[in-house]
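Heads up, the thing below is written out as structure tokens.
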Number of protein chains: 2
Amino acid sequence: MDVAVIGASMTAFGEHDTWIRGLLASAATACLEDAEVAPSAVEHLYISNMASGEFEGQTGVMNALVSDIAAESAYTQRVGQTSAAGGAGLLAAWQSVASGASEATLLVGGEKMTGRTTREAADIIASLTHPVEYRHGVTLPAFAGLAARAYLDRTDATRESLAAVAVKNHRNALDNPDAQFQKSVDIETVLSSPVVADPLRLYDYCPVTDGAAALLFCPVKRAREHHEQVVRVAGVGGATDTHVVHERPDPTWMGAVEESGDRAFDQTGWEERAVDVAELHDMVTLLEPLQLEALGLADRGEGWRAAVEGRTARGGSLPVNTSGGLKARGHPLGGTGVAQAVEVYRQLRGEAGPRQVAADRGLTCNIGGFGNCVTTTLLEVAR
Amino acid sequence: MDVAVIGASMTAFGEHDTWIRGLLASAATACLEDAEVAPSAVEHLYISNMASGEFEGQTGVMNALVSDIAAESAYTQRVGQTSAAGGAGLLAAWQSVASGASEATLLVGGEKMTGRTTREAADIIASLTHPVEYRHGVTLPAFAGLAARAYLDRTDATRESLAAVAVKNHRNALDNPDAQFQKSVDIETVLSSPVVADPLRLYDYCPVTDGAAALLFCPVKRAREHHEQVVRVAGVGGATDTHVVHERPDPTWMGAVEESGDRAFDQTGWEERAVDVAELHDMVTLLEPLQLEALGLADRGEGWRAAVEGRTARGGSLPVNTSGGLKARGHPLGGTGVAQAVEVYRQLRGEAGPRQVAADRGLTCNIGGFGNCVTTTLLEVAR
């Protein structure tokens with residue numbers, strides 16, 4: 001069964017004075033309105049969320065959401081895959097329609113994080129890594145610092161070239177009213193911000209965020225009743241790398257990104273491995289060039305040039321993170337992978353407003369842990 | 001794509017001196033050995049688990065398991081659906097194969113609960129309900145007491161008829177070496193045990209349990225290379241009821257059980273709504289008759305007669321919970337739905353040893369919350 005997306009929404013990302021259920025319900029309702037589909041028509045409802053139990057003592061958010069939007073007796077399930085839960089949700093939603101189990105699948109991803117201190121949030125996030133790494137202080141931000149040092153040593157990349165990713169993504173967010181940061185930064189701002197994990201600094205990292213996003217999936221044949229220009233899922237592939245990062249031969253090579261990309265592109269039947277727009281998982285600036293390389297969209301060791309040379313800017317040959325990315329749109333863990341696909345869907349539909357680019361094919365890449373689990377999704381305008 | 005099961009395993013259920021990762025890896029490895037499939041052949045790996053983060057501060061168990069069994073770069077995802085995570089895992093695994101995304105999907109469900117006090121475990125489980133219910137003391141065991149009182153008032157059922165469920169399931173567990181309890185009980189034992197939520201007593205309830213179970217799924221055409229007698233998934237359906245129990249018209253009617261059963265049976269193409277063996281979610285004795293009724297396997301208000309009259313005993317017309325059920329085999333939350341299907345698979349394969357019954361078709365019903373989310377699965381010997 002060929003699968004399409006017929007609706008999309010997201011809450012503003014930032015700090016919200018509500019619980020996770022409020023965020024999820026808000027995104028879900030707006031998505032159904034966007035698609036002009038009644039809640040009672042939803043057959044499967046997937047919730048991408050990392051840690052609503054740990055953040056707010058709420059483990060029944062999927063059942064709660066069904067009632068909050070009056071979608072009983074829709075089947076529901078929580079999709080967990082740490083900070084890649086949103087991407088995993090895309091695969092789950094695709095499978096539910098492709099298998100014939102559901103003709104209307106609503107995917108809602110979100111996280112409520114700001115009710116905790118940054119220290120508490122960091123501890124919750126660190127619970128995804130192996131305890132032995134955490135005990136030695138090797139949290140995700142620390143991994144990023146170690147990998148960045150290795151990348152700068154082994155390639156011609158400069159410290160400035162990583163900062164250029166932050167500058168670009170902050171600039172893009174200025175045109176996204178839902179983005180957490182509406183603030184232009186320059187190279188100097190990034191390089192003079194406090195050190196987090198040498199050589200990386202505060203402005204290399206994404207913030208702590210509340211927010212949710214939603215998408216509605218159905219068979220392509222039904223989507224044609226809703227839209228003249230249908231957006232279909234061309235491919236979706238997930239893959240894993242070793243759980244413990246030090247077991248990998250090279251920390252600057254994202255093996256699971258490569259593998260998930262291969263699986264997604266293999267599914268498309270496209271002649272070229274090329275897309276017109278991409279949302280990449282820039283939890284930290286370094287990850288944007290590393291994903292370009294592992295996805296085969298830049299040569300190995302050369303991904304850093306893309307932001308420096310403007311290739312990934314909005315006017316470049318492959319605009320990346322037109323939404324502002326995790327860096328500036330924000331990163332509500334389970335919500336991110338869904339929000340990435342919301343942005344690509346809007347770009348393909350011509351609904352991206354001031355940040356619109358010309359695009360028939362788009363890619364999202366959502367990463368859990370430090371490349372532990374990755375889902376790559378390809379959307380295209382159906383012909 | 002027609003989907004089959006080609007391997008099954010479970011750890012002993014009870015108290016284990018290991019963490020959740022040890023339990024999951026043990027069940028996963030044994031399942032692959034049972035199927036004679038190498039870890040590297042696994043394409044998708046689903047982990048059914050309710051609360052490893054809350055119980056042990058471990059949120060990355062899915063990525064960890066991939067590495068623990070050397071199955072990189074298999075795609076992995078955690079399937080969350082409170083205490084119905086195992087049943088939801090059956091649907092997720094079925095979808096992954098039916099959609100063509102995976103030709104070898106390993107499903108592992110489990111929970112490590114005994115590292116916490118019973119009070120702590122109860123608080124974690126209560127986090128699935130609406131906070132307003134919990135604040136008023138209406139936990140799941142309390143719901144069961146309220147519903148049992150209503151059931152005894154409205155039907156001809158006696159207190160003894162509910163105890164008969166516990167007696168039967170404890171008797172069955174005596175022939176299951178993996179069951180938590182190896183202890184015969186009689187009606188008097190149940191009725192003289194301490195009151196938990198009037199009219200229900202300690203022996204009406206399932207215990208707190210550590211354990212894991214696993215199943216391997218593949219297309220039926222591949223399963224025929226492994227087995228002469230292939231077990232296929234004939235149907236699998238999930239459904240929800242209101243999140244807040246007091247919004248339901250009748251607390252003694254499990255609407256989501258009925259709906260999920262309808263969806264599963266509709267998928268089979270069977271002429272009759274009948275099975276030869278069933279594993280039902282007897283978190284509390286009352287739930288066994290309520291499920292028989294909602295699944296259409298007993299008349300409304302008459303489900304309690306089945307255990308009293310011996311119809312659901314091993315020699316009866318519809319043996320229920322030959323494994324011992326949640327009551328006596330144990331209930332490691334996310335593990336239960338998978339363990340239910342392991343039992344039915346073994347019955348259909350003729351591998352159930354001293355508790356073997358004659359069966360070509362079997363049913364499992366896994367419940368989250370107090371009937372909030374339910375998955376019903378039908379397995380049959382493929383012809």
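Within each chain, counting starts at residue 1; across the structure tokens, chains are named A, B, ... in the order shown, with ligands numbered 1 upward in that order.
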Output as a PyMOL selection string the set of chain B residues within 6 Å of chain A, with distances taken over only C-alpha atoms.
-> chain B and resi 57-60+63-64+67+72-75+77-81+95+98-99+127-128+238-243
B:Ala27 surroundings by only C-alpha atoms, 12 Å radius, close-in-sequence under 5 positions cut, as a PyMOL selection string = chain B and resi 7-13+20-22+32-34+47+65+68-69+106-111+211-216+335+338-339+342
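Going from atom CA of B:Val196 to atom CA of B:Gly145 covers 8.0 Å.
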Picked from stretch 231-380 of chain B by DSSP as strand (DSSP E), as a PyMOL selection string | chain B and resi 231-240+277-279+361-368+373-380
Selection to disk with N, CA and C atoms, as a compact mmCIF listing (two decimals), in the first residue's frame:
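This went into selection-v4.txt:
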```
# COMPACT_ATOMS: atom_id res chain seq x y z
N VAL B 231 2.96 -21.84 12.16
CA VAL B 231 1.98 -21.06 12.91
C VAL B 231 1.94 -19.66 12.33
N ARG B 232 0.78 -19.24 11.88
CA ARG B 232 0.66 -17.91 11.28
C ARG B 232 -0.21 -16.99 12.15
N VAL B 233 -0.03 -15.69 11.94
CA VAL B 233 -0.88 -14.71 12.61
C VAL B 233 -2.14 -14.58 11.76
N ALA B 234 -3.25 -15.02 12.33
CA ALA B 234 -4.51 -14.99 11.56
C ALA B 234 -5.19 -13.63 11.67
N GLY B 235 -4.95 -12.96 12.79
CA GLY B 235 -5.56 -11.65 12.99
C GLY B 235 -4.98 -10.98 14.21
N VAL B 236 -4.93 -9.65 14.15
CA VAL B 236 -4.46 -8.91 15.32
C VAL B 236 -5.14 -7.54 15.29
N GLY B 237 -5.80 -7.21 16.40
CA GLY B 237 -6.55 -5.96 16.43
C GLY B 237 -6.38 -5.26 17.76
N GLY B 238 -6.20 -3.95 17.70
CA GLY B 238 -6.07 -3.16 18.93
C GLY B 238 -7.17 -2.13 19.02
N ALA B 239 -7.53 -1.76 20.24
CA ALA B 239 -8.58 -0.76 20.43
C ALA B 239 -8.42 -0.10 21.79
N THR B 240 -9.07 1.04 21.95
CA THR B 240 -9.00 1.77 23.21
C THR B 240 -10.41 2.05 23.75
N VAL B 277 -7.88 -22.56 22.32
CA VAL B 277 -7.11 -22.26 23.53
C VAL B 277 -6.96 -20.74 23.60
N ALA B 278 -6.91 -20.20 24.81
CA ALA B 278 -6.79 -18.74 24.95
C ALA B 278 -5.96 -18.38 26.17
N GLU B 279 -5.19 -17.30 26.01
CA GLU B 279 -4.49 -16.70 27.14
C GLU B 279 -5.12 -15.32 27.37
N ARG B 361 -6.20 -23.35 16.71
CA ARG B 361 -6.39 -21.91 16.73
C ARG B 361 -6.34 -21.41 18.17
N GLY B 362 -5.65 -20.30 18.36
CA GLY B 362 -5.54 -19.76 19.71
C GLY B 362 -5.66 -18.25 19.73
N LEU B 363 -5.99 -17.74 20.90
CA LEU B 363 -6.22 -16.30 21.08
C LEU B 363 -5.43 -15.79 22.28
N THR B 364 -4.90 -14.56 22.15
CA THR B 364 -4.36 -13.88 23.32
C THR B 364 -5.03 -12.52 23.44
N CYS B 365 -5.26 -12.09 24.68
CA CYS B 365 -5.84 -10.78 24.92
C CYS B 365 -5.04 -10.10 26.03
N ASN B 366 -4.45 -8.96 25.69
CA ASN B 366 -3.55 -8.23 26.58
C ASN B 366 -4.14 -6.85 26.84
N ILE B 367 -4.24 -6.49 28.12
CA ILE B 367 -4.95 -5.27 28.52
C ILE B 367 -4.02 -4.28 29.21
N GLY B 368 -4.13 -3.01 28.83
CA GLY B 368 -3.42 -1.95 29.53
C GLY B 368 -4.39 -1.11 30.33
N CYS B 373 -6.54 0.13 26.90
CA CYS B 373 -6.01 -0.24 25.59
C CYS B 373 -5.84 -1.74 25.55
N VAL B 374 -6.31 -2.36 24.49
CA VAL B 374 -6.33 -3.82 24.42
C VAL B 374 -5.86 -4.27 23.04
N THR B 375 -5.06 -5.31 23.02
CA THR B 375 -4.73 -5.95 21.74
C THR B 375 -5.12 -7.42 21.81
N THR B 376 -5.88 -7.86 20.84
CA THR B 376 -6.26 -9.27 20.72
C THR B 376 -5.56 -9.85 19.50
N THR B 377 -4.95 -11.01 19.68
CA THR B 377 -4.18 -11.64 18.61
C THR B 377 -4.65 -13.07 18.41
N LEU B 378 -4.78 -13.47 17.16
CA LEU B 378 -5.24 -14.82 16.82
C LEU B 378 -4.15 -15.53 16.04
N LEU B 379 -3.74 -16.68 16.54
CA LEU B 379 -2.74 -17.50 15.86
C LEU B 379 -3.41 -18.78 15.39
N GLU B 380 -2.92 -19.32 14.28
CA GLU B 380 -3.49 -20.59 13.83
C GLU B 380 -2.42 -21.42 13.12
```
What does the distance from atom CA of B:Tyr345 to atom CA of B:Val308 come to in Å, to one decimal?
->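 Answer for the atom CA of B:Tyr345 to atom CA of B:Val308 separation: 26.6 Å.
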Neighbours of A:Leu174 within 8 Å (only C-alpha atoms; same-chain residues fewer than 3 positions away dropped), as a list in words?
-> His170, Arg171, Pro177, Ala179, Phe181, Gln182, Lys183, Ser184 and Gly324 of chain A
For B:Trp253, which of B:Arg154, B:Arg222, B:Thr114, B:Ala313 is the closest residue, counting only C-alpha atoms?
->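 Among the listed residues, B:Arg154 lies closest to B:Trp253.
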Within 7 Å of B:Leu326, counting only C-alpha atoms, which residues qualify if same-chain residues fewer than 6 places away don't, as a ChimeraX atom specification?
-> /B:206,281-283
Let's have the selection written as a tab-separated table (two decimals), in the first residue's frame, with C-alpha atoms.
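File written: again.tsv
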```
chain	number	residue	atom	x	y	z
B	206	CYS	CA	-1.31	-11.22	40.02
B	281	HIS	CA	-5.21	-10.97	30.90
B	282	ASP	CA	-6.11	-12.10	34.44
B	283	MET	CA	-4.31	-9.26	36.23
```
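Counting only C-alpha atoms, the residue from B:Arg201, B:Arg305, B:Arg300, B:His246 that sits nearest to B:Thr158 is B:Arg305.
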Please report, as number ranges by chain, each residue of stretch 267-355 of chain A to which DSSP assigns alpha helix (DSSP H) when run on this structure's backbone.
-> A: 267-268, 287-294, 305-309, 325-329, 336-349
Keeping only C-alpha atoms, write those residues as an mmCIF file, in the first residue's frame.
```cif
data_model
loop_
_atom_site.group_PDB
_atom_site.id
_atom_site.type_symbol
_atom_site.label_atom_id
_atom_site.label_comp_id
_atom_site.auth_asym_id
_atom_site.auth_seq_id
_atom_site.Cartn_x
_atom_site.Cartn_y
_atom_site.Cartn_z
ATOM 1 C CA GLN A 267 13.082 1.859 -1.258
ATOM 2 C CA THR A 268 12.439 4.845 -3.517
ATOM 3 C CA LEU A 287 26.169 16.512 13.435
ATOM 4 C CA GLU A 288 24.995 18.435 10.364
ATOM 5 C CA PRO A 289 28.194 17.874 8.326
ATOM 6 C CA LEU A 290 28.526 14.328 9.691
ATOM 7 C CA GLN A 291 25.037 13.487 8.413
ATOM 8 C CA LEU A 292 25.661 15.078 5.009
ATOM 9 C CA GLU A 293 28.688 12.801 4.674
ATOM 10 C CA ALA A 294 27.083 9.596 5.925
ATOM 11 C CA ARG A 305 32.251 23.010 3.529
ATOM 12 C CA ALA A 306 28.504 23.019 2.809
ATOM 13 C CA ALA A 307 27.562 25.649 5.393
ATOM 14 C CA VAL A 308 30.725 27.675 4.805
ATOM 15 C CA GLU A 309 30.131 27.837 1.052
ATOM 16 C CA GLY A 325 16.770 22.833 12.879
ATOM 17 C CA LEU A 326 17.128 21.483 16.388
ATOM 18 C CA LYS A 327 19.576 24.323 16.973
ATOM 19 C CA ALA A 328 17.088 27.176 16.610
ATOM 20 C CA ARG A 329 13.625 25.663 16.116
ATOM 21 C CA THR A 336 11.773 16.468 16.704
ATOM 22 C CA GLY A 337 11.542 13.677 14.132
ATOM 23 C CA VAL A 338 7.905 14.538 13.500
ATOM 24 C CA ALA A 339 8.613 18.280 13.283
ATOM 25 C CA GLN A 340 11.343 17.581 10.726
ATOM 26 C CA ALA A 341 8.819 15.831 8.498
ATOM 27 C CA VAL A 342 6.274 18.610 9.079
ATOM 28 C CA GLU A 343 8.794 21.080 7.646
ATOM 29 C CA VAL A 344 9.585 18.934 4.617
ATOM 30 C CA TYR A 345 5.881 18.261 4.016
ATOM 31 C CA ARG A 346 5.202 22.011 4.047
ATOM 32 C CA GLN A 347 8.099 22.661 1.684
ATOM 33 C CA LEU A 348 6.790 20.030 -0.754
ATOM 34 C CA ARG A 349 3.270 21.421 -0.484
#
```
